[in-house]
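S.K.: The following file, work.cif, comprises mmCIF, C-alpha atoms and all ligand atoms:
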data_start
loop_
_atom_site.label_atom_id
_atom_site.label_comp_id
_atom_site.auth_asym_id
_atom_site.auth_seq_id
_atom_site.Cartn_x
_atom_site.Cartn_y
_atom_site.Cartn_z
CA SER A 1 117.09 118.21 85.18
CA GLY A 2 118.37 115.74 82.59
CA GLY A 3 118.73 116.09 78.85
CA PHE A 4 115.29 114.70 78.01
CA ASP A 5 111.69 115.56 78.73
CA PRO A 6 110.10 112.86 80.89
CA GLU A 7 106.64 113.75 79.55
CA THR A 8 107.86 112.90 76.04
CA VAL A 9 109.55 109.73 77.29
CA LYS A 10 106.32 108.68 79.02
CA LYS A 11 104.55 108.56 75.64
CA ASP A 12 106.68 105.53 74.71
CA PHE A 13 105.17 103.55 77.61
CA PRO A 14 101.64 102.36 76.77
CA LEU A 15 100.83 101.15 80.27
CA LEU A 16 101.63 104.55 81.76
CA GLN A 17 98.80 106.02 79.63
CA ARG A 18 96.25 103.69 81.24
CA ARG A 19 93.94 104.70 84.05
CA THR A 20 93.63 102.59 87.18
CA ARG A 21 90.64 100.57 88.41
CA ASP A 22 89.38 103.72 90.16
CA ASP A 23 89.83 105.74 86.96
CA GLN A 24 92.88 107.59 88.26
CA PRO A 25 95.88 108.38 86.08
CA LEU A 26 98.55 105.83 86.97
CA VAL A 27 101.48 107.18 88.98
CA TYR A 28 104.00 104.36 88.80
CA LEU A 29 106.52 104.52 91.64
CA ASP A 30 107.53 100.86 91.74
CA SER A 31 110.29 100.63 89.16
CA ALA A 32 112.67 99.08 91.69
CA ALA A 33 110.39 96.03 91.63
CA THR A 34 110.04 96.05 87.87
CA ALA A 35 110.21 98.82 85.28
CA GLN A 36 107.53 99.56 82.69
CA LYS A 37 108.33 98.71 79.06
CA PRO A 38 108.57 101.11 76.13
CA LEU A 39 107.00 100.21 72.78
CA GLN A 40 110.50 99.74 71.36
CA VAL A 41 111.04 96.75 73.68
CA LEU A 42 107.58 95.29 73.07
CA ASP A 43 108.06 95.69 69.32
CA ALA A 44 111.44 93.97 69.38
CA GLU A 45 109.96 90.87 71.00
CA ARG A 46 106.90 90.85 68.75
CA ASP A 47 109.03 91.39 65.67
CA PHE A 48 111.08 88.33 66.55
CA TYR A 49 107.99 86.11 66.60
CA LEU A 50 106.62 87.73 63.45
CA THR A 51 109.77 87.53 61.33
CA ARG A 52 112.47 85.27 62.81
CA ASN A 53 110.87 82.70 65.09
CA GLY A 54 113.17 79.70 65.21
CA ALA A 55 115.37 77.86 67.68
CA ALA A 56 118.70 79.68 68.00
CA HIS A 57 121.81 77.51 67.76
CA ARG A 58 119.78 74.72 66.12
CA GLY A 59 118.54 73.88 62.68
CA ALA A 60 119.90 74.44 59.22
CA HIS A 61 117.20 76.80 58.01
CA GLN A 62 117.04 80.56 57.63
CA LEU A 63 114.75 81.19 60.59
CA ALA A 64 117.04 79.34 62.99
CA GLU A 65 119.97 81.29 61.58
CA ALA A 66 118.19 84.61 62.02
CA ALA A 67 117.25 83.62 65.58
CA THR A 68 120.88 82.78 66.33
CA GLU A 69 122.01 86.09 64.91
CA THR A 70 119.44 87.99 67.01
CA TYR A 71 120.47 86.17 70.15
CA GLU A 72 124.21 86.59 69.67
CA SER A 73 123.87 90.21 68.64
CA ALA A 74 121.85 90.86 71.82
CA ARG A 75 124.67 89.29 73.82
CA GLU A 76 127.10 91.75 72.25
CA THR A 77 124.81 94.71 73.00
CA VAL A 78 124.16 93.74 76.61
CA ALA A 79 127.82 92.90 77.31
CA GLY A 80 128.95 96.18 75.77
CA PHE A 81 126.53 98.13 77.97
CA ILE A 82 128.46 97.10 81.10
CA GLY A 83 131.89 97.23 79.47
CA GLY A 84 132.26 93.45 79.09
CA ALA A 85 133.09 91.13 76.20
CA PRO A 86 130.37 88.97 74.61
CA ASP A 87 132.07 85.68 75.55
CA GLU A 88 131.97 86.78 79.20
CA LEU A 89 128.21 87.34 79.20
CA VAL A 90 125.91 84.48 80.13
CA PHE A 91 122.17 84.91 79.66
CA THR A 92 120.26 83.63 82.67
CA LYS A 93 116.63 83.74 83.75
CA ASN A 94 117.33 86.71 86.04
CA ALA A 95 119.79 88.13 88.56
CA THR A 96 118.72 85.51 91.09
CA GLU A 97 119.70 82.64 88.80
CA ALA A 98 123.00 84.35 88.01
CA VAL A 99 123.96 84.48 91.72
CA ASN A 100 122.93 80.86 92.16
CA LEU A 101 125.07 79.84 89.17
CA VAL A 102 128.19 81.28 90.80
CA ALA A 103 127.29 79.89 94.23
CA TYR A 104 126.84 76.45 92.68
CA ALA A 105 130.26 76.62 91.06
CA MET A 106 131.88 77.58 94.36
CA GLY A 107 130.34 74.62 96.13
CA ASN A 108 130.69 71.98 93.45
CA THR A 109 133.03 69.18 94.39
CA ALA A 110 132.01 66.68 91.74
CA TYR A 111 133.16 68.50 88.62
CA ALA A 112 135.69 66.57 86.61
CA GLY A 113 137.43 69.75 85.48
CA SER A 114 140.08 70.24 88.13
CA GLU A 115 140.55 73.85 86.93
CA SER A 116 137.65 74.75 89.19
CA ALA A 117 139.46 73.59 92.32
CA HIS A 118 140.63 77.08 93.27
CA LEU A 119 137.04 78.35 93.23
CA ARG A 120 135.79 75.70 95.61
CA LEU A 121 135.15 76.70 99.20
CA ALA A 122 136.44 74.72 102.15
CA PRO A 123 135.65 74.80 105.88
CA GLY A 124 137.21 77.92 107.41
CA ASP A 125 136.86 79.97 104.23
CA GLU A 126 134.80 83.14 104.52
CA ILE A 127 132.17 84.84 102.39
CA LEU A 128 131.56 88.51 103.08
CA VAL A 129 128.22 90.11 102.23
CA THR A 130 126.49 93.24 103.55
CA GLU A 131 123.55 93.74 105.88
CA MET A 132 121.61 95.42 103.04
CA GLU A 133 121.56 92.52 100.57
CA HIS A 134 118.48 91.45 98.70
CA HIS A 135 117.64 87.84 99.60
CA ALA A 136 118.85 86.92 96.10
CA ASN A 137 122.39 87.86 97.11
CA LEU A 138 122.16 86.52 100.66
CA VAL A 139 120.31 83.21 100.77
CA PRO A 140 122.48 81.48 98.12
CA TRP A 141 125.57 82.39 100.17
CA GLN A 142 123.99 81.18 103.41
CA GLN A 143 123.18 77.90 101.70
CA LEU A 144 126.66 77.63 100.22
CA SER A 145 128.21 78.27 103.64
CA GLN A 146 126.09 75.51 105.15
CA ARG A 147 127.05 73.11 102.35
CA THR A 148 130.78 73.79 102.48
CA GLY A 149 131.48 74.71 106.10
CA ALA A 150 132.49 78.21 105.08
CA THR A 151 131.58 81.12 107.35
CA LEU A 152 129.26 83.95 106.29
CA ARG A 153 130.14 87.41 107.57
CA TRP A 154 128.56 90.76 106.80
CA ILE A 155 129.40 94.45 106.69
CA PRO A 156 126.99 96.20 109.09
CA LEU A 157 124.95 99.33 108.36
CA THR A 158 125.25 102.78 109.90
CA ALA A 159 122.25 104.64 111.30
CA ASP A 160 121.86 106.59 108.06
CA GLY A 161 121.73 103.52 105.83
CA ARG A 162 125.30 103.26 104.60
CA LEU A 163 127.87 100.50 104.90
CA ASP A 164 130.06 100.88 107.96
CA ASP A 165 133.33 101.38 106.12
CA THR A 166 135.44 101.00 109.26
CA ALA A 167 134.22 97.40 109.50
CA VAL A 168 135.37 96.50 105.99
CA ASP A 169 139.09 96.26 106.77
CA ARG A 170 138.37 94.47 110.03
CA LEU A 171 136.27 91.85 108.26
CA LEU A 172 138.47 91.27 105.22
CA ASN A 173 141.26 88.76 105.85
CA LYS A 174 143.26 85.97 104.20
CA ARG A 175 140.35 83.56 104.62
CA THR A 176 137.92 85.80 102.71
CA ARG A 177 137.28 84.07 99.38
CA LEU A 178 134.38 86.10 98.10
CA VAL A 179 132.82 89.50 98.70
CA ALA A 180 129.25 89.61 97.36
CA LEU A 181 127.66 93.03 97.59
CA THR A 182 124.97 95.13 96.05
CA HIS A 183 125.87 98.19 94.00
CA GLN A 184 122.64 99.94 94.95
CA SER A 185 120.26 98.93 97.72
CA ASN A 186 116.72 98.13 96.59
CA VAL A 187 115.39 99.39 99.95
CA LEU A 188 117.65 102.21 101.15
CA GLY A 189 118.70 103.56 97.77
CA THR A 190 122.31 103.65 99.00
CA VAL A 191 124.96 103.42 96.28
CA ASN A 192 127.91 101.52 97.72
CA PRO A 193 131.60 102.32 97.16
CA VAL A 194 132.08 99.09 95.20
CA ALA A 195 135.40 100.03 93.56
CA SER A 196 137.00 100.84 96.90
CA ILE A 197 135.74 97.66 98.57
CA ALA A 198 136.71 95.56 95.53
CA ALA A 199 140.28 96.89 95.62
CA ARG A 200 140.60 95.94 99.28
CA ALA A 201 138.98 92.55 98.66
CA HIS A 202 141.43 91.81 95.85
CA ALA A 203 144.31 92.78 98.11
CA VAL A 204 143.47 89.83 100.39
CA GLY A 205 142.89 87.54 97.39
CA ALA A 206 139.07 87.49 97.45
CA LEU A 207 136.79 87.52 94.42
CA VAL A 208 134.09 90.18 94.10
CA LEU A 209 130.52 89.60 92.93
CA VAL A 210 128.50 92.76 92.33
CA ASP A 211 124.70 92.65 92.44
CA ALA A 212 123.91 95.35 89.87
CA ALA A 213 120.17 94.57 89.65
CA GLN A 214 119.39 98.08 90.93
CA SER A 215 122.23 100.01 89.29
CA VAL A 216 122.60 99.01 85.63
CA ALA A 217 119.25 100.66 84.90
CA HIS A 218 120.14 103.93 86.57
CA GLN A 219 123.80 104.85 86.08
CA ARG A 220 126.79 104.00 83.91
CA VAL A 221 128.12 100.65 85.04
CA ASP A 222 131.52 99.43 83.93
CA VAL A 223 132.82 96.10 85.20
CA THR A 224 136.45 97.19 84.99
CA ALA A 225 135.92 100.51 86.79
CA LEU A 226 134.03 98.67 89.54
CA GLY A 227 136.69 95.98 89.87
CA ALA A 228 134.07 93.26 89.57
CA ASP A 229 134.92 89.60 88.99
CA PHE A 230 131.22 88.78 88.55
CA LEU A 231 128.28 91.11 87.96
CA VAL A 232 124.61 90.12 87.87
CA PHE A 233 121.49 91.94 86.67
CA SER A 234 117.95 91.47 85.32
CA ALA A 235 116.48 92.89 82.10
CA HIS A 236 113.08 93.63 83.63
CA LYS A 237 114.39 96.35 85.95
CA MET A 238 115.98 98.21 83.02
CA LEU A 239 112.95 98.48 80.68
CA GLY A 240 113.52 95.00 79.24
CA PRO A 241 111.42 91.84 79.33
CA LEU A 242 110.81 89.57 82.29
CA GLY A 243 112.41 86.15 82.10
CA ILE A 244 115.93 87.12 81.10
CA GLY A 245 118.93 88.40 83.00
CA ALA A 246 122.68 88.16 82.83
CA LEU A 247 125.81 87.00 84.54
CA TRP A 248 129.01 88.71 83.50
CA GLY A 249 132.17 86.99 84.70
CA ARG A 250 135.87 87.32 84.01
CA ARG A 251 136.77 84.93 81.24
CA GLU A 252 139.26 82.79 83.17
CA LEU A 253 136.78 82.36 86.01
CA LEU A 254 133.94 81.30 83.72
CA ASP A 255 136.38 78.96 81.95
CA ALA A 256 137.12 77.24 85.25
CA MET A 257 133.51 76.90 86.34
CA PRO A 258 131.41 73.74 86.13
CA PRO A 259 128.04 73.87 84.38
CA PHE A 260 125.06 74.76 86.57
CA LEU A 261 122.05 73.42 84.66
CA THR A 262 122.86 70.74 82.09
CA GLY A 263 121.20 69.53 78.90
CA GLY A 264 121.11 70.38 75.23
CA SER A 265 123.32 72.87 73.40
CA MET A 266 125.86 73.23 76.20
CA ILE A 267 127.69 70.03 75.33
CA GLU A 268 130.74 69.30 73.25
CA HIS A 269 130.44 65.52 73.05
CA VAL A 270 128.03 63.08 74.68
CA THR A 271 128.15 59.32 74.99
CA MET A 272 125.91 57.17 77.19
CA GLU A 273 128.60 57.29 79.88
CA ARG A 274 129.94 60.82 79.86
CA THR A 275 129.80 64.32 78.48
CA THR A 276 132.26 67.09 77.79
CA PHE A 277 131.05 70.67 77.84
CA LEU A 278 131.31 73.66 75.56
CA PRO A 279 133.30 76.70 76.67
CA PRO A 280 131.45 79.65 78.23
CA PRO A 281 129.02 81.25 77.65
CA GLN A 282 127.34 78.22 75.99
CA ARG A 283 128.38 75.94 78.87
CA PHE A 284 125.93 77.82 81.10
CA GLU A 285 123.00 78.10 78.66
CA PRO A 286 121.27 74.73 78.27
CA GLY A 287 118.01 74.50 76.36
CA VAL A 288 116.56 76.53 73.49
CA PRO A 289 117.74 80.11 74.08
CA PRO A 290 115.22 82.86 74.89
CA ALA A 291 116.01 84.81 71.73
CA PRO A 292 112.92 87.10 71.74
CA GLN A 293 113.62 88.09 75.34
CA ALA A 294 117.23 88.74 74.36
CA ALA A 295 115.99 90.93 71.49
CA GLY A 296 113.87 92.87 73.99
CA PHE A 297 116.83 93.12 76.37
CA ALA A 298 118.96 94.61 73.57
CA ALA A 299 116.16 97.02 72.63
CA ALA A 300 116.06 98.22 76.26
CA VAL A 301 119.81 98.86 76.13
CA HIS A 302 119.41 100.82 72.88
CA TYR A 303 116.61 102.85 74.45
CA LEU A 304 118.72 103.72 77.51
CA ARG A 305 121.75 104.51 75.35
CA ALA A 306 119.72 106.88 73.19
CA LEU A 307 118.64 108.85 76.28
CA GLY A 308 122.13 108.63 77.75
CA MET A 309 122.86 107.13 81.17
CA ASP A 310 124.27 110.41 82.45
CA ALA A 311 121.00 112.14 81.57
CA VAL A 312 119.01 109.31 83.17
CA GLN A 313 121.06 109.63 86.34
CA ALA A 314 120.74 113.43 86.40
CA HIS A 315 116.96 113.21 85.98
CA GLU A 316 116.68 110.66 88.79
CA GLU A 317 118.88 112.76 91.05
CA HIS A 318 116.56 115.70 90.48
CA LEU A 319 113.53 113.54 91.32
CA THR A 320 115.23 112.16 94.43
CA ARG A 321 116.09 115.64 95.69
CA THR A 322 112.50 116.75 95.05
CA ALA A 323 111.14 113.72 96.91
CA LEU A 324 113.49 114.09 99.89
CA ASP A 325 112.62 117.81 100.12
CA GLN A 326 108.89 117.14 99.96
CA LEU A 327 109.01 114.27 102.47
CA ALA A 328 111.02 116.47 104.87
CA GLN A 329 107.98 118.79 104.96
CA ILE A 330 105.87 116.01 106.52
CA PRO A 331 106.94 115.62 110.18
CA GLU A 332 105.42 112.12 110.49
CA VAL A 333 107.70 110.75 107.74
CA THR A 334 110.99 109.04 108.61
CA VAL A 335 113.17 108.19 105.63
CA ILE A 336 114.97 104.85 106.07
CA GLY A 337 118.22 105.40 104.22
CA PRO A 338 120.39 108.35 103.19
CA THR A 339 118.58 111.71 103.30
CA THR A 340 120.89 113.49 100.86
CA THR A 341 121.31 112.71 97.16
CA GLU A 342 125.02 111.99 97.53
CA ASP A 343 125.85 108.34 96.67
CA ARG A 344 122.21 107.45 96.56
CA GLY A 345 119.78 106.36 93.88
CA ALA A 346 116.12 107.11 93.25
CA THR A 347 114.63 104.56 95.67
CA VAL A 348 113.17 106.10 98.82
CA SER A 349 111.84 104.01 101.72
CA PHE A 350 110.04 105.57 104.62
CA THR A 351 107.81 104.94 107.61
CA LEU A 352 104.87 107.10 108.65
CA ASP A 353 104.12 107.67 112.36
CA GLY A 354 100.79 106.13 113.30
CA VAL A 355 100.11 104.44 109.94
CA HIS A 356 101.17 100.92 109.00
CA PRO A 357 102.96 100.73 105.62
CA HIS A 358 100.27 98.39 104.27
CA ASP A 359 97.62 101.04 105.01
CA VAL A 360 99.79 103.69 103.34
CA GLY A 361 100.02 101.40 100.31
CA ASP A 362 96.23 100.92 100.22
CA VAL A 363 95.49 104.64 100.39
CA LEU A 364 98.04 105.37 97.67
CA ASP A 365 96.71 102.55 95.48
CA ASP A 366 93.19 104.00 95.72
CA LEU A 367 94.69 107.27 94.43
CA GLY A 368 96.36 105.49 91.50
CA ILE A 369 99.84 105.64 93.03
CA ALA A 370 101.76 102.37 92.82
CA VAL A 371 104.37 101.84 95.55
CA ARG A 372 105.66 98.76 97.30
CA THR A 373 105.22 97.98 100.98
CA GLY A 374 106.82 95.28 103.10
CA HIS A 375 110.40 94.14 103.63
CA HIS A 376 111.24 94.19 99.90
CA CYS A 377 113.08 90.83 100.02
CA ALA A 378 115.73 92.34 102.28
CA ARG A 379 114.29 91.41 105.66
CA PRO A 380 117.48 92.01 107.75
CA ILE A 381 117.24 95.75 106.97
CA CYS A 382 113.94 95.94 108.86
CA ASP A 383 115.53 94.11 111.80
CA ARG A 384 118.48 96.52 111.74
CA TYR A 385 116.23 99.57 111.99
CA ASN A 386 113.66 97.91 114.24
CA ILE A 387 110.70 98.44 111.94
CA PRO A 388 108.14 95.92 110.67
CA ALA A 389 108.16 97.16 107.09
CA THR A 390 108.55 100.26 104.95
CA THR A 391 106.74 101.99 102.15
CA ARG A 392 109.02 102.30 99.14
CA ALA A 393 108.71 104.77 96.28
CA SER A 394 111.15 104.27 93.41
CA PHE A 395 111.56 106.65 90.49
CA TYR A 396 112.71 106.16 86.95
CA LEU A 397 113.17 108.05 83.70
CA TYR A 398 109.43 108.35 83.01
CA ASN A 399 108.57 109.91 86.38
CA THR A 400 107.96 113.62 86.83
CA GLU A 401 107.84 116.15 89.65
CA ASP A 402 104.05 115.88 89.49
CA ASP A 403 104.32 112.19 90.38
CA ILE A 404 106.23 113.14 93.52
CA THR A 405 103.70 115.79 94.48
CA ALA A 406 100.99 113.15 94.04
CA LEU A 407 102.96 110.93 96.45
CA SER A 408 103.22 113.61 99.14
CA ASP A 409 99.54 114.46 98.77
CA GLY A 410 98.77 110.76 99.08
CA ILE A 411 100.86 110.44 102.24
CA ARG A 412 98.94 113.38 103.75
CA ALA A 413 95.68 111.65 102.81
CA ALA A 414 96.87 108.47 104.58
CA LEU A 415 97.72 110.50 107.70
CA HIS A 416 94.31 112.12 107.56
CA ARG A 417 92.59 108.73 107.28
CA TYR A 418 94.57 106.73 109.84
CA ALA A 419 96.71 108.83 112.19
N1 LIG B 1 119.17 92.14 93.80
C1 LIG B 1 118.52 93.26 94.02
C2 LIG B 1 119.23 94.41 94.69
C3 LIG B 1 117.18 93.38 93.64
O1 LIG B 1 116.51 94.51 93.87
C4 LIG B 1 116.55 92.30 92.99
C5 LIG B 1 115.10 92.37 92.54
N2 LIG B 1 114.20 92.84 93.51
C6 LIG B 1 117.29 91.14 92.78
C7 LIG B 1 118.60 91.10 93.18
C8 LIG B 1 116.71 89.94 92.13
O2 LIG B 1 116.28 90.22 90.83
P1 LIG B 1 115.35 89.16 90.10
O3 LIG B 1 114.16 88.98 90.97
O4 LIG B 1 115.03 89.80 88.80
O5 LIG B 1 116.17 87.92 89.96
#
Just give me the structure of the file as structure tokens.

M.R.:
Amino acid sequence: SGGFDPETVKKDFPLLQRRTRDDQPLVYLDSAATAQKPLQVLDAERDFYLTRNGAAHRGAHQLAEAATETYESARETVAGFIGGAPDELVFTKNATEAVNLVAYAMGNTAYAGSESAHLRLAPGDEILVTEMEHHANLVPWQQLSQRTGATLRWIPLTADGRLDDTAVDRLLNKRTRLVALTHQSNVLGTVNPVASIAARAHAVGALVLVDAAQSVAHQRVDVTALGADFLVFSAHKMLGPLGIGALWGRRELLDAMPPFLTGGSMIEHVTMERTTFLPPPQRFEPGVPPAPQAAGFAAAVHYLRALGMDAVQAHEEHLTRTALDQLAQIPEVTVIGPTTTEDRGATVSFTLDGVHPHDVGDVLDDLGIAVRTGHHCARPICDRYNIPATTRASFYLYNTEDDITALSDGIRAALHRYA
């Protein structure tokens, strides 16, 4: 396994010590939805309010200065974690908002800054996504296509839950302006060959947006190695607070982009008639900045760095192998997604013959095991595999082999009750 003891790690997570409504020890297998928070993250947020609460980028007093310093230092930490520069890192509400920010820029025709003209989509242009996208990286592109007359295309999935690579070169062409794809699927667990697809996308002149919501928490992510032009993620899936996420973008692209939301602290000069805007990242961050959330975000990065992302990945790979082995022992289980640990993360979706996923979820919940059931905000995957829903177990650094044994026992209990 990895270079740390998950039982020791678990002690940092107060909620994982709690017992459930039915007085069961909590087995948390829903980190793909949101991760639990270590004390270090909770303390960082609390410490902000206790010692530095002020409005960052405003005010002449010491508290406002300390808040600004906290916020900007968090930007440096978070940017560094993905191999980016601080002035290329925009804090957003979450990954969803980050995608929408880029989609807005690519559809905006009213912006005075003509530098953005080359980003703007026109009828006949194409956006390429994949059939495994989370709705957050699908619906904004559908909407943008409808607004601009661009065409949305997608890379289809193979039977075993991977992208059909033979389709990539067929789909990419001179009209492709953007390829928006997930690094790791939140349903199938598949890790996509982003660097290879990005190289081919760049060869036809397209930009590449990487949805790293499910990967930054689980493996080393480097924007240059991936060949990303934009990369989006959320703090809450990587041990950090809810309510903050990030957009990383290449500097010259961000420079050319119009503001998304407008208001205070993103302006250069305002008269009653018109406004000029600050350069990025401030151009995209109107309103009083969420400095305590940023402090928590940075604390999450420090926590992950201390464990080491290679160790985190190795631990998760061990858990995934254990889970796939155990599930293979139950003939009624069908895994939806890759069944080997190669190019796959620690998110395992499955169906159970004779038992609806919602019933599986109920039985597991009674046993203190938290999973997610449904379409996981990636509805087209269910259509592709002709299933109404899946049960999804997702593992993280605080999970143990015992958690996986509890899951298999729980699945057997569900079969016993319903099948
Ligand atoms: N993309 C993927 C792959 C996700 O799993 C999620 C979260 N479920 C998102 C985007 C959106 O993240 P958020 O809800 O934090 O904006």

S.K.: Got a sec: who's within 8 Å of Glu126 in chain A, counting all atoms listed in the file, leaving out chain neighbours fewer than 2 positions off, as a PyMOL selection string?

M.R.: chain A and resi 124+128+150-153+175-178

S.K.: List the neighbours of Phe91 in chain A out to 9 Å using only C-alpha atoms; skip same-chain residues closer than 6 positions along the sequence, and give me the result as a list in words.

M.R.: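 Result of the neighbour search: Arg75, Ala98, Ile244, Gly245, Ala246, Leu247, Trp248, Pro281, Phe284, Glu285, Pro289, Pro290 and Ala294 of chain A.
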
S.K.: Could you save those same residues with C-alpha atoms as a PDB file, keeping the file's coordinate frame?

M.R.:
ATOM      1  CA  ARG A  75     124.670  89.290  73.820  1.00  0.00           C
ATOM      2  CA  ALA A  98     123.000  84.350  88.010  1.00  0.00           C
ATOM      3  CA  ILE A 244     115.930  87.120  81.100  1.00  0.00           C
ATOM      4  CA  GLY A 245     118.930  88.400  83.000  1.00  0.00           C
ATOM      5  CA  ALA A 246     122.680  88.160  82.830  1.00  0.00           C
ATOM      6  CA  LEU A 247     125.810  87.000  84.540  1.00  0.00           C
ATOM      7  CA  TRP A 248     129.010  88.710  83.500  1.00  0.00           C
ATOM      8  CA  PRO A 281     129.020  81.250  77.650  1.00  0.00           C
ATOM      9  CA  PHE A 284     125.930  77.820  81.100  1.00  0.00           C
ATOM     10  CA  GLU A 285     123.000  78.100  78.660  1.00  0.00           C
ATOM     11  CA  PRO A 289     117.740  80.110  74.080  1.00  0.00           C
ATOM     12  CA  PRO A 290     115.220  82.860  74.890  1.00  0.00           C
ATOM     13  CA  ALA A 294     117.230  88.740  74.360  1.00  0.00           C
TER      14      ALA A 294
END

S.K.: Which residue gives the smallest distance to Leu254 in chain A among A:Thr190, A:Thr182, A:Thr271, A:Gln282, with all atoms listed in the file counted?

M.R.: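 Of all the options, A:Gln282 lies closest to Leu254 in chain A.
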
S.K.: List the neighbours of Val9 in chain A out to 12 Å using all atoms listed in the file; skip same-chain residues closer than 3 positions along the sequence, and give me the result as a list in words.

M.R.: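 Surrounding residues, per the criterion: Gly2, Gly3, Phe4, Asp5, Pro6, Asp12, Phe13, Pro14, Leu16, Gln17, Gln36, Lys37, Pro38, Leu39, Gln40, Tyr303, Leu304, Ala306, Leu307, Val312, His315, Tyr396, Leu397, Tyr398, Asn399 and Thr400 of chain A.
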
S.K.: Keeping only C-alpha atoms, write the selected residues as an mmCIF file, in the coordinates of the input.

M.R.:
data_model
loop_
_atom_site.group_PDB
_atom_site.id
_atom_site.type_symbol
_atom_site.label_atom_id
_atom_site.label_comp_id
_atom_site.auth_asym_id
_atom_site.auth_seq_id
_atom_site.Cartn_x
_atom_site.Cartn_y
_atom_site.Cartn_z
ATOM 1 C CA GLY A 2 118.370 115.740 82.590
ATOM 2 C CA GLY A 3 118.730 116.090 78.850
ATOM 3 C CA PHE A 4 115.290 114.700 78.010
ATOM 4 C CA ASP A 5 111.690 115.560 78.730
ATOM 5 C CA PRO A 6 110.100 112.860 80.890
ATOM 6 C CA ASP A 12 106.680 105.530 74.710
ATOM 7 C CA PHE A 13 105.170 103.550 77.610
ATOM 8 C CA PRO A 14 101.640 102.360 76.770
ATOM 9 C CA LEU A 16 101.630 104.550 81.760
ATOM 10 C CA GLN A 17 98.800 106.020 79.630
ATOM 11 C CA GLN A 36 107.530 99.560 82.690
ATOM 12 C CA LYS A 37 108.330 98.710 79.060
ATOM 13 C CA PRO A 38 108.570 101.110 76.130
ATOM 14 C CA LEU A 39 107.000 100.210 72.780
ATOM 15 C CA GLN A 40 110.500 99.740 71.360
ATOM 16 C CA TYR A 303 116.610 102.850 74.450
ATOM 17 C CA LEU A 304 118.720 103.720 77.510
ATOM 18 C CA ALA A 306 119.720 106.880 73.190
ATOM 19 C CA LEU A 307 118.640 108.850 76.280
ATOM 20 C CA VAL A 312 119.010 109.310 83.170
ATOM 21 C CA HIS A 315 116.960 113.210 85.980
ATOM 22 C CA TYR A 396 112.710 106.160 86.950
ATOM 23 C CA LEU A 397 113.170 108.050 83.700
ATOM 24 C CA TYR A 398 109.430 108.350 83.010
ATOM 25 C CA ASN A 399 108.570 109.910 86.380
ATOM 26 C CA THR A 400 107.960 113.620 86.830
#

S.K.: Go through chain A and flag each residue having an atom no more than 8 Å from ligand LIG 1 (chain B); for those, report the closest pair of atoms plus their distance in Å to one decimal, using only C-alpha atoms and all ligand atoms, ordered by chain and rising number, as CSV.

M.R.:
residue,atom,partner,partner_atom,distance
A:Ala32,CA,B:LIG1,O1,6.4
A:Ala33,CA,B:LIG1,N2,5.3
A:Thr34,CA,B:LIG1,N2,7.7
A:Lys93,CA,B:LIG1,O5,7.5
A:Asn94,CA,B:LIG1,O5,4.3
A:Ala95,CA,B:LIG1,O5,3.9
A:Thr96,CA,B:LIG1,O5,3.7
A:Glu97,CA,B:LIG1,O5,6.5
A:Ala98,CA,B:LIG1,O5,7.9
A:Glu133,CA,B:LIG1,C2,6.6
A:His134,CA,B:LIG1,N1,5.0
A:His135,CA,B:LIG1,C7,7.3
A:Ala136,CA,B:LIG1,C7,5.1
A:Asn137,CA,B:LIG1,N1,6.3
A:Thr182,CA,B:LIG1,C2,5.9
A:His183,CA,B:LIG1,C2,7.7
A:Gln184,CA,B:LIG1,C2,6.5
A:Ser185,CA,B:LIG1,C2,5.5
A:Asn186,CA,B:LIG1,O1,4.5
A:Val187,CA,B:LIG1,O1,7.9
A:Asp211,CA,B:LIG1,N1,5.7
A:Ala212,CA,B:LIG1,C2,6.8
A:Ala213,CA,B:LIG1,C1,4.9
A:Gln214,CA,B:LIG1,C2,5.3
A:Phe233,CA,B:LIG1,O2,6.9
A:Ser234,CA,B:LIG1,O4,4.8
A:Ala235,CA,B:LIG1,O4,7.5
A:His236,CA,B:LIG1,O4,6.7
A:Lys237,CA,B:LIG1,O4,7.2
A:Leu242,CA,B:LIG1,O4,7.8
A:Gly245,CA,B:LIG1,O4,7.1
A:His376,CA,B:LIG1,N2,7.2
A:Cys377,CA,B:LIG1,N2,6.9

S.K.: Measuring atom to atom with only C-alpha atoms, identify which of A:Val191, A:Val232, A:Ile411, A:Ile267 is nearest to Asp343 in chain A.

M.R.: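 Ranking A:Val191, A:Val232, A:Ile411, A:Ile267 by distance to Asp343 in chain A, first place goes to A:Val191.
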
S.K.: Please, which residues are within 12 Å of (94.6, 112.3, 108.0) by the file's coordinates, counting all atoms listed in the file, and could they come as an NGL selection string?

M.R.: :A and (330 or 332 or 352-355 or 360 or 363 or 409-419)
